[in-house]
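K.L.:
The file below is protein_38.csv, CSV, C-alpha atoms:
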```csv
chain,number,residue,atom,x,y,z
I,26,MET,CA,-20.4,9.0,29.7
I,27,ASN,CA,-18.9,5.6,29.4
I,28,LYS,CA,-22.2,4.0,28.3
I,29,LYS,CA,-22.5,6.6,25.5
I,30,LEU,CA,-18.9,5.9,24.4
I,31,TYR,CA,-19.4,2.1,24.4
I,32,LEU,CA,-22.6,2.5,22.4
I,33,ILE,CA,-20.7,4.5,19.8
I,34,ILE,CA,-18.0,1.8,19.6
I,35,LEU,CA,-20.7,-0.9,19.2
I,36,VAL,CA,-22.2,1.1,16.4
I,37,MET,CA,-18.7,1.3,14.8
I,38,GLY,CA,-18.7,-2.5,14.7
I,39,VAL,CA,-22.1,-2.4,13.0
I,40,PHE,CA,-20.6,0.1,10.5
I,41,THR,CA,-17.8,-2.3,9.7
I,42,ALA,CA,-20.1,-5.1,8.6
I,43,THR,CA,-22.6,-2.6,7.0
I,44,ILE,CA,-19.8,-1.1,4.8
I,45,ASN,CA,-18.8,-4.5,3.5
I,46,GLY,CA,-22.4,-5.5,2.8
I,47,ALA,CA,-23.5,-2.2,1.3
I,48,ASN,CA,-20.4,-2.1,-1.0
I,49,ALA,CA,-21.0,-5.7,-2.3
I,50,GLN,CA,-24.7,-4.8,-3.0
I,51,LEU,CA,-23.6,-1.7,-5.0
I,52,ALA,CA,-21.1,-3.9,-6.9
I,53,ASN,CA,-24.0,-6.3,-7.8
I,54,HIS,CA,-25.9,-3.3,-9.4
I,55,LEU,CA,-23.1,-1.3,-11.0
I,56,GLY,CA,-20.3,-3.8,-11.5
I,57,LEU,CA,-17.1,-4.1,-9.3
I,58,LEU,CA,-14.9,-1.2,-10.4
I,59,PRO,CA,-17.7,1.4,-11.1
I,60,SER,CA,-19.1,0.7,-7.6
I,61,VAL,CA,-15.7,1.3,-6.0
I,62,LEU,CA,-15.5,4.6,-7.9
I,63,MET,CA,-18.9,5.6,-6.6
I,64,ILE,CA,-17.9,4.5,-3.0
I,65,HIS,CA,-14.8,6.7,-3.1
I,66,LEU,CA,-16.8,9.7,-4.5
I,67,ILE,CA,-19.4,9.4,-1.7
I,68,GLY,CA,-16.6,8.9,0.8
I,69,LEU,CA,-14.7,11.9,-0.5
I,70,SER,CA,-17.8,14.1,-0.3
I,71,THR,CA,-18.5,13.0,3.3
I,72,SER,CA,-14.8,13.5,4.4
I,73,LEU,CA,-14.8,17.0,2.8
I,74,LEU,CA,-17.9,17.9,4.8
I,75,TYR,CA,-16.3,16.6,8.0
I,76,PHE,CA,-13.1,18.5,7.2
I,77,ARG,CA,-15.1,21.7,6.7
I,78,TRP,CA,-17.2,21.2,9.9
I,79,PHE,CA,-14.7,19.7,12.4
I,80,ASN,CA,-11.2,20.6,11.3
I,81,LYS,CA,-10.1,23.4,13.6
I,82,GLY,CA,-8.1,25.6,11.3
I,83,LYS,CA,-5.2,23.2,10.9
I,84,TYR,CA,-4.1,22.6,7.3
I,85,VAL,CA,-0.8,21.1,6.2
I,86,SER,CA,0.3,21.4,2.5
I,87,VAL,CA,0.4,18.0,0.8
I,88,ARG,CA,3.6,19.2,-0.9
I,89,THR,CA,5.3,19.1,2.6
I,90,ILE,CA,4.3,15.4,3.0
I,91,LEU,CA,5.4,14.7,-0.6
I,92,LYS,CA,8.8,16.1,0.1
I,93,LYS,CA,9.4,14.4,3.5
I,94,GLN,CA,7.5,11.1,3.5
I,95,PRO,CA,5.7,10.5,0.2
I,96,TYR,CA,4.9,6.9,1.1
I,97,LEU,CA,2.4,8.2,3.7
I,98,LEU,CA,0.1,9.2,0.9
I,99,LEU,CA,-0.2,5.5,-0.3
I,100,GLY,CA,-2.7,4.4,2.4
I,101,GLY,CA,-5.8,5.4,0.4
I,102,PHE,CA,-4.3,4.2,-2.9
I,103,ILE,CA,-3.6,0.7,-1.5
I,104,GLY,CA,-7.0,0.8,0.4
I,105,SER,CA,-8.9,1.2,-2.9
I,106,PHE,CA,-7.6,-2.3,-4.0
I,107,ALA,CA,-8.7,-3.7,-0.7
I,108,VAL,CA,-12.2,-2.3,-1.2
I,109,VAL,CA,-12.4,-4.0,-4.6
I,110,LEU,CA,-11.2,-7.3,-3.1
I,111,ILE,CA,-13.7,-7.2,-0.2
I,112,SER,CA,-16.7,-6.4,-2.5
I,113,TYR,CA,-15.7,-9.4,-4.7
I,114,GLN,CA,-15.4,-11.7,-1.7
I,115,VAL,CA,-18.7,-10.7,-0.1
I,116,GLN,CA,-20.4,-11.4,-3.4
I,117,GLN,CA,-19.0,-14.9,-3.3
I,118,VAL,CA,-19.3,-16.0,0.4
I,119,GLY,CA,-21.3,-13.4,2.3
I,120,VAL,CA,-20.5,-10.7,4.9
I,121,PHE,CA,-19.9,-12.7,8.0
I,122,LEU,CA,-17.1,-15.1,6.7
I,123,VAL,CA,-15.3,-12.3,4.9
I,124,SER,CA,-15.5,-9.9,7.9
I,125,THR,CA,-14.0,-12.7,10.1
I,126,GLY,CA,-11.3,-13.5,7.6
I,127,ILE,CA,-10.4,-9.9,7.4
I,128,ILE,CA,-10.1,-9.7,11.2
I,129,ALA,CA,-7.8,-12.8,11.1
I,130,GLY,CA,-5.7,-11.1,8.4
I,131,GLN,CA,-5.4,-7.9,10.4
I,132,PHE,CA,-4.5,-9.9,13.5
I,133,LEU,CA,-1.7,-11.8,11.6
I,134,ALA,CA,-0.3,-8.6,10.1
I,135,SER,CA,-0.3,-6.9,13.5
I,136,PHE,CA,1.6,-9.9,14.9
I,137,PHE,CA,4.3,-9.5,12.2
I,138,ILE,CA,4.5,-5.7,12.5
I,139,ASP,CA,5.0,-6.1,16.3
I,140,HIS,CA,7.4,-9.0,16.0
I,141,PHE,CA,9.6,-7.7,13.3
I,142,GLY,CA,9.2,-3.9,13.9
I,143,TRP,CA,7.9,-3.1,10.5
I,144,PHE,CA,6.9,0.6,9.5
I,145,GLY,CA,9.4,1.8,12.0
I,146,PHE,CA,7.5,0.5,15.0
I,147,GLU,CA,9.4,-0.8,18.1
I,148,LYS,CA,9.9,-4.6,18.1
I,149,VAL,CA,7.6,-6.3,20.7
I,150,LYS,CA,8.8,-9.4,22.4
I,151,MET,CA,6.1,-12.1,22.0
I,152,GLY,CA,5.2,-14.3,25.0
I,153,LYS,CA,3.7,-17.7,25.4
I,154,GLN,CA,0.2,-16.1,25.4
I,155,GLN,CA,0.7,-14.5,22.0
I,156,PHE,CA,1.9,-17.8,20.4
I,157,ILE,CA,-1.1,-19.6,21.9
I,158,ALA,CA,-3.4,-16.9,20.4
I,159,MET,CA,-1.6,-17.4,17.0
I,160,ALA,CA,-2.3,-21.1,17.1
I,161,MET,CA,-5.9,-20.5,18.0
I,162,MET,CA,-6.2,-18.0,15.2
I,163,SER,CA,-4.7,-20.4,12.6
I,164,SER,CA,-7.0,-23.2,13.8
I,165,GLY,CA,-10.0,-20.8,13.5
I,166,VAL,CA,-9.0,-19.9,9.9
I,167,CYS,CA,-8.7,-23.6,9.0
I,168,CYS,CA,-12.2,-24.2,10.4
I,169,LEU,CA,-13.6,-21.4,8.2
I,170,MET,CA,-11.9,-23.0,5.1
I,171,LEU,CA,-13.5,-26.4,5.7
F,20,MET,CA,-9.5,-19.7,-1.8
F,21,ILE,CA,-11.9,-16.8,-1.1
F,22,LEU,CA,-11.2,-17.0,2.6
F,23,LEU,CA,-7.4,-17.0,1.9
F,24,LEU,CA,-8.0,-13.8,-0.1
F,25,SER,CA,-9.9,-12.2,2.8
F,26,LEU,CA,-7.0,-13.0,5.0
F,27,VAL,CA,-4.6,-11.2,2.6
F,28,THR,CA,-7.1,-8.3,2.4
F,29,GLY,CA,-7.0,-8.0,6.2
F,30,MET,CA,-3.2,-7.8,6.0
F,31,ILE,CA,-3.4,-5.1,3.3
F,32,PHE,CA,-6.0,-3.3,5.5
F,33,ILE,CA,-3.6,-3.1,8.5
F,34,SER,CA,-0.9,-1.6,6.2
F,35,THR,CA,-3.3,1.1,5.0
F,36,LYS,CA,-4.5,1.8,8.5
F,37,THR,CA,-1.0,2.1,9.7
F,38,LEU,CA,-0.1,4.5,6.9
F,39,ASN,CA,-3.2,6.6,7.5
F,40,MET,CA,-2.5,6.7,11.2
F,41,LEU,CA,1.0,8.0,10.6
F,42,LEU,CA,-0.4,10.5,8.1
F,43,SER,CA,-3.0,11.8,10.5
F,44,LYS,CA,-0.2,12.5,13.0
F,45,HIS,CA,1.2,15.0,10.5
F,46,VAL,CA,-2.0,16.6,9.0
F,47,GLY,CA,-4.7,15.7,11.5
F,48,VAL,CA,-7.5,13.0,11.2
F,49,PHE,CA,-9.9,15.0,9.1
F,50,GLN,CA,-7.3,16.1,6.4
F,51,SER,CA,-5.9,12.6,6.3
F,52,ASN,CA,-9.4,11.3,5.7
F,53,VAL,CA,-9.7,13.6,2.7
F,54,ILE,CA,-6.2,12.7,1.4
F,55,ASN,CA,-7.1,9.0,1.9
F,56,HIS,CA,-10.2,9.3,-0.4
F,57,VAL,CA,-8.4,11.3,-3.1
F,58,ALA,CA,-5.6,8.7,-3.2
F,59,GLY,CA,-8.3,6.0,-3.3
F,60,LEU,CA,-10.0,7.7,-6.3
F,61,LEU,CA,-6.6,7.7,-8.1
F,62,GLY,CA,-6.2,4.0,-7.3
F,63,VAL,CA,-9.6,3.0,-8.7
F,64,THR,CA,-9.1,5.3,-11.8
F,65,LEU,CA,-5.9,3.5,-12.4
F,66,MET,CA,-7.7,0.1,-12.1
F,67,LEU,CA,-10.4,1.3,-14.6
F,68,LEU,CA,-7.7,2.3,-17.1
F,69,LEU,CA,-5.6,-0.9,-16.6
F,70,THR,CA,-8.6,-3.1,-17.1
F,71,PHE,CA,-9.8,-1.1,-20.2
F,72,HIS,CA,-13.3,-0.7,-18.7
F,73,LYS,CA,-15.6,-0.1,-21.6
F,74,GLY,CA,-19.2,0.0,-20.1
F,75,SER,CA,-20.7,3.2,-18.8
F,76,LEU,CA,-19.5,4.0,-15.3
F,77,PHE,CA,-22.8,5.3,-13.8
F,78,THR,CA,-26.1,4.1,-15.3
F,79,THR,CA,-29.5,5.5,-14.3
F,80,GLU,CA,-29.8,2.3,-12.2
F,81,VAL,CA,-28.1,4.3,-9.4
F,82,PHE,CA,-31.4,6.1,-8.9
F,83,HIS,CA,-33.4,2.9,-8.5
F,84,ILE,CA,-31.2,0.7,-6.2
F,85,GLY,CA,-32.3,2.2,-2.9
F,86,LEU,CA,-30.3,3.9,-0.1
F,87,PHE,CA,-28.5,0.9,1.5
F,88,PRO,CA,-26.0,0.1,-1.3
F,89,LEU,CA,-25.0,3.8,-1.4
F,90,LEU,CA,-24.2,3.9,2.4
F,91,GLY,CA,-20.7,2.2,2.2
F,92,GLY,CA,-18.8,5.4,1.3
F,93,PHE,CA,-20.6,7.5,3.9
F,94,PHE,CA,-20.1,5.0,6.7
F,95,GLY,CA,-16.4,4.5,5.7
F,96,ALA,CA,-15.7,8.2,6.1
F,97,THR,CA,-17.7,8.4,9.3
F,98,PHE,CA,-15.9,5.4,10.8
F,99,VAL,CA,-12.6,7.2,10.7
F,100,ALA,CA,-14.1,10.3,12.4
F,101,LEU,CA,-15.7,8.2,15.1
F,102,SER,CA,-12.6,6.1,15.8
F,103,ASN,CA,-10.6,9.3,16.3
F,104,TYR,CA,-13.2,10.4,18.9
F,105,THR,CA,-13.4,7.1,20.8
F,106,PHE,CA,-10.1,5.2,20.6
F,107,SER,CA,-8.1,7.6,22.7
F,108,LYS,CA,-10.8,7.4,25.5
F,109,THR,CA,-11.2,3.7,25.9
F,110,LYS,CA,-9.1,0.6,26.5
F,111,VAL,CA,-8.0,-1.4,23.4
F,112,LEU,CA,-9.5,-4.7,24.7
F,113,ILE,CA,-13.0,-3.1,25.3
F,114,SER,CA,-12.9,-1.4,21.9
F,115,THR,CA,-11.9,-4.6,20.2
F,116,LEU,CA,-14.6,-6.6,22.0
F,117,LEU,CA,-17.4,-4.1,21.3
F,118,ILE,CA,-16.5,-3.7,17.6
F,119,LEU,CA,-16.5,-7.5,17.2
F,120,VAL,CA,-19.9,-7.8,18.9
F,121,GLY,CA,-21.4,-5.1,16.7
F,122,GLN,CA,-19.8,-6.5,13.6
F,123,THR,CA,-20.9,-10.0,14.3
F,124,ILE,CA,-24.6,-9.1,15.0
F,125,ALA,CA,-24.8,-6.9,11.9
F,126,ALA,CA,-23.0,-9.5,9.6
F,127,VAL,CA,-25.2,-12.4,10.7
F,128,LEU,CA,-28.4,-10.3,10.2
F,129,MET,CA,-27.2,-9.0,6.7
F,130,ASP,CA,-26.1,-12.5,5.6
F,131,TYR,CA,-29.5,-13.9,6.6
F,132,PHE,CA,-31.8,-11.2,5.3
F,133,ILE,CA,-29.9,-9.7,2.4
F,134,PHE,CA,-27.5,-12.4,1.0
F,135,ASN,CA,-29.5,-15.5,2.1
F,136,GLU,CA,-26.4,-17.2,3.5
F,137,VAL,CA,-26.5,-19.7,6.4
F,138,LEU,CA,-23.4,-20.4,8.6
F,139,SER,CA,-22.1,-24.0,8.9
F,140,PHE,CA,-21.2,-25.6,12.3
F,141,THR,CA,-17.4,-25.5,11.5
F,142,SER,CA,-17.6,-21.9,10.5
F,143,ILE,CA,-19.2,-21.0,13.9
F,144,ILE,CA,-16.3,-23.0,15.7
F,145,GLY,CA,-13.8,-21.1,13.6
F,146,ILE,CA,-15.3,-17.7,14.4
F,147,ILE,CA,-15.3,-18.6,18.2
F,148,LEU,CA,-11.6,-19.5,18.0
F,149,ILE,CA,-10.7,-16.3,16.1
F,150,VAL,CA,-12.6,-14.0,18.5
F,151,SER,CA,-11.0,-15.9,21.5
F,152,ALA,CA,-7.5,-15.5,19.9
F,153,VAL,CA,-8.0,-11.7,19.4
F,154,LEU,CA,-9.1,-11.3,23.1
F,155,LEU,CA,-6.2,-13.5,24.4
F,156,TYR,CA,-3.7,-11.6,22.2
F,157,SER,CA,-5.0,-8.2,23.3
F,158,LYS,CA,-4.8,-8.9,27.0
F,159,PRO,CA,-1.1,-7.8,27.6
F,160,ILE,CA,-1.8,-4.5,25.8
F,161,GLN,CA,-4.4,-3.7,28.4
F,162,GLU,CA,-2.0,-4.4,31.2
F,163,LYS,CA,0.5,-1.8,29.8
```
Once more with this new file: its structure as structure tokens, please.

P.N.:
Amino acid sequence: MNKKLYLIILVMGVFTATINGANAQLANHLGLLPSVLMIHLIGLSTSLLYFRWFNKGKYVSVRTILKKQPYLLLGGFIGSFAVVLISYQVQQVGVFLVSTGIIAGQFLASFFIDHFGWFGFEKVKMGKQQFIAMAMMSSGVCCLML
Amino acid sequence: MILLLSLVTGMIFISTKTLNMLLSKHVGVFQSNVINHVAGLLGVTLMLLLTFHKGSLFTTEVFHIGLFPLLGGFFGATFVALSNYTFSKTKVLISTLLILVGQTIAAVLMDYFIFNEVLSFTSIIGIILIVSAVLLYSKPIQEK
């Protein structure tokens, strides 16, 4: 069971790079913004199919979320800007460097979220190990920029 | 400059991931996936309007570009479904490591065969440092 699960996660890593590469290729053909529109239309169709097949009867009205925590609906909206940025960057320097830069950015953001308790998360006290990791991360980003 | 931008994009990504994760707690992963894409469509429509996009949105070229460039949207939606299935069943460190390995192999192959990019020595050192930093940082999470 574990082997099957690990294989799925490995494939998810392949997906991450493939998404960035495929989106940049589409942008080469259609232009940056039309390609992102197309990506979201395909993504929406796929997510609707998954919703239809796998969602077990649970449906919550969007109005309820709008009334209580409307900012939760902003994830996809902000994400569309990120997709535009990634496609543009991959066109310039390739998939590998951009994917690594994104990992570094996610890592830095996670550090700040944990350290300052943003988004309502509990503050996490950072130890020596985390600060060494941050220094290694910063050095790695500097190497990429050389 | 581009790499600095990718760093910022990564930070934006974590914010969207966090918001989507919080949303999925209320509506479930599959409905939040749909809401995520609808909100994304609104975002890109707004960008098209703000930039006064004049050219046609979809040309007949779509039918001649092959399958690969059209897979991004499909894989994006699938990734969310798979992460829901796997992440609750494995340790964070193992997930992080396996995703990095898969991503690295795929990115190197794509850069070489599709984008004709070759990595420099300093880039390889930088990548080793970043991967090591992620693993070092993740270690205490596993201990919890």

K.L.:
Residues of chain I within 6 Å of chain F, using all atoms listed in the file, as a PyMOL selection string?

P.N.:
chain I and resi 35+38-39+42+44+47-48+50-51+59+64-65+67-69+71-72+76+85+97+100-102+104-105+107+119-121+123+126-127+130-131+134+155+158+161-162+165+168-169

K.L.:
Could you jot down the CA of Leu58 (chain I) to CA of Phe106 (chain I) separation for me, Å, one decimal place?

P.N.:
9.8 Å

K.L.:
Could you state the separation of CA of Asn45 (chain I) and CA of Met63 (chain I) in Å, given to one decimal place?

P.N.:
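Distance between the two atoms: 14.3 Å.
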
K.L.:
Between CA of Ile128 (chain I) and CA of Val109 (chain I), measure the distance and give it in Å to one decimal.

P.N.:
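Going from CA of Ile128 (chain I) over to CA of Val109 (chain I) covers 17.0 Å.
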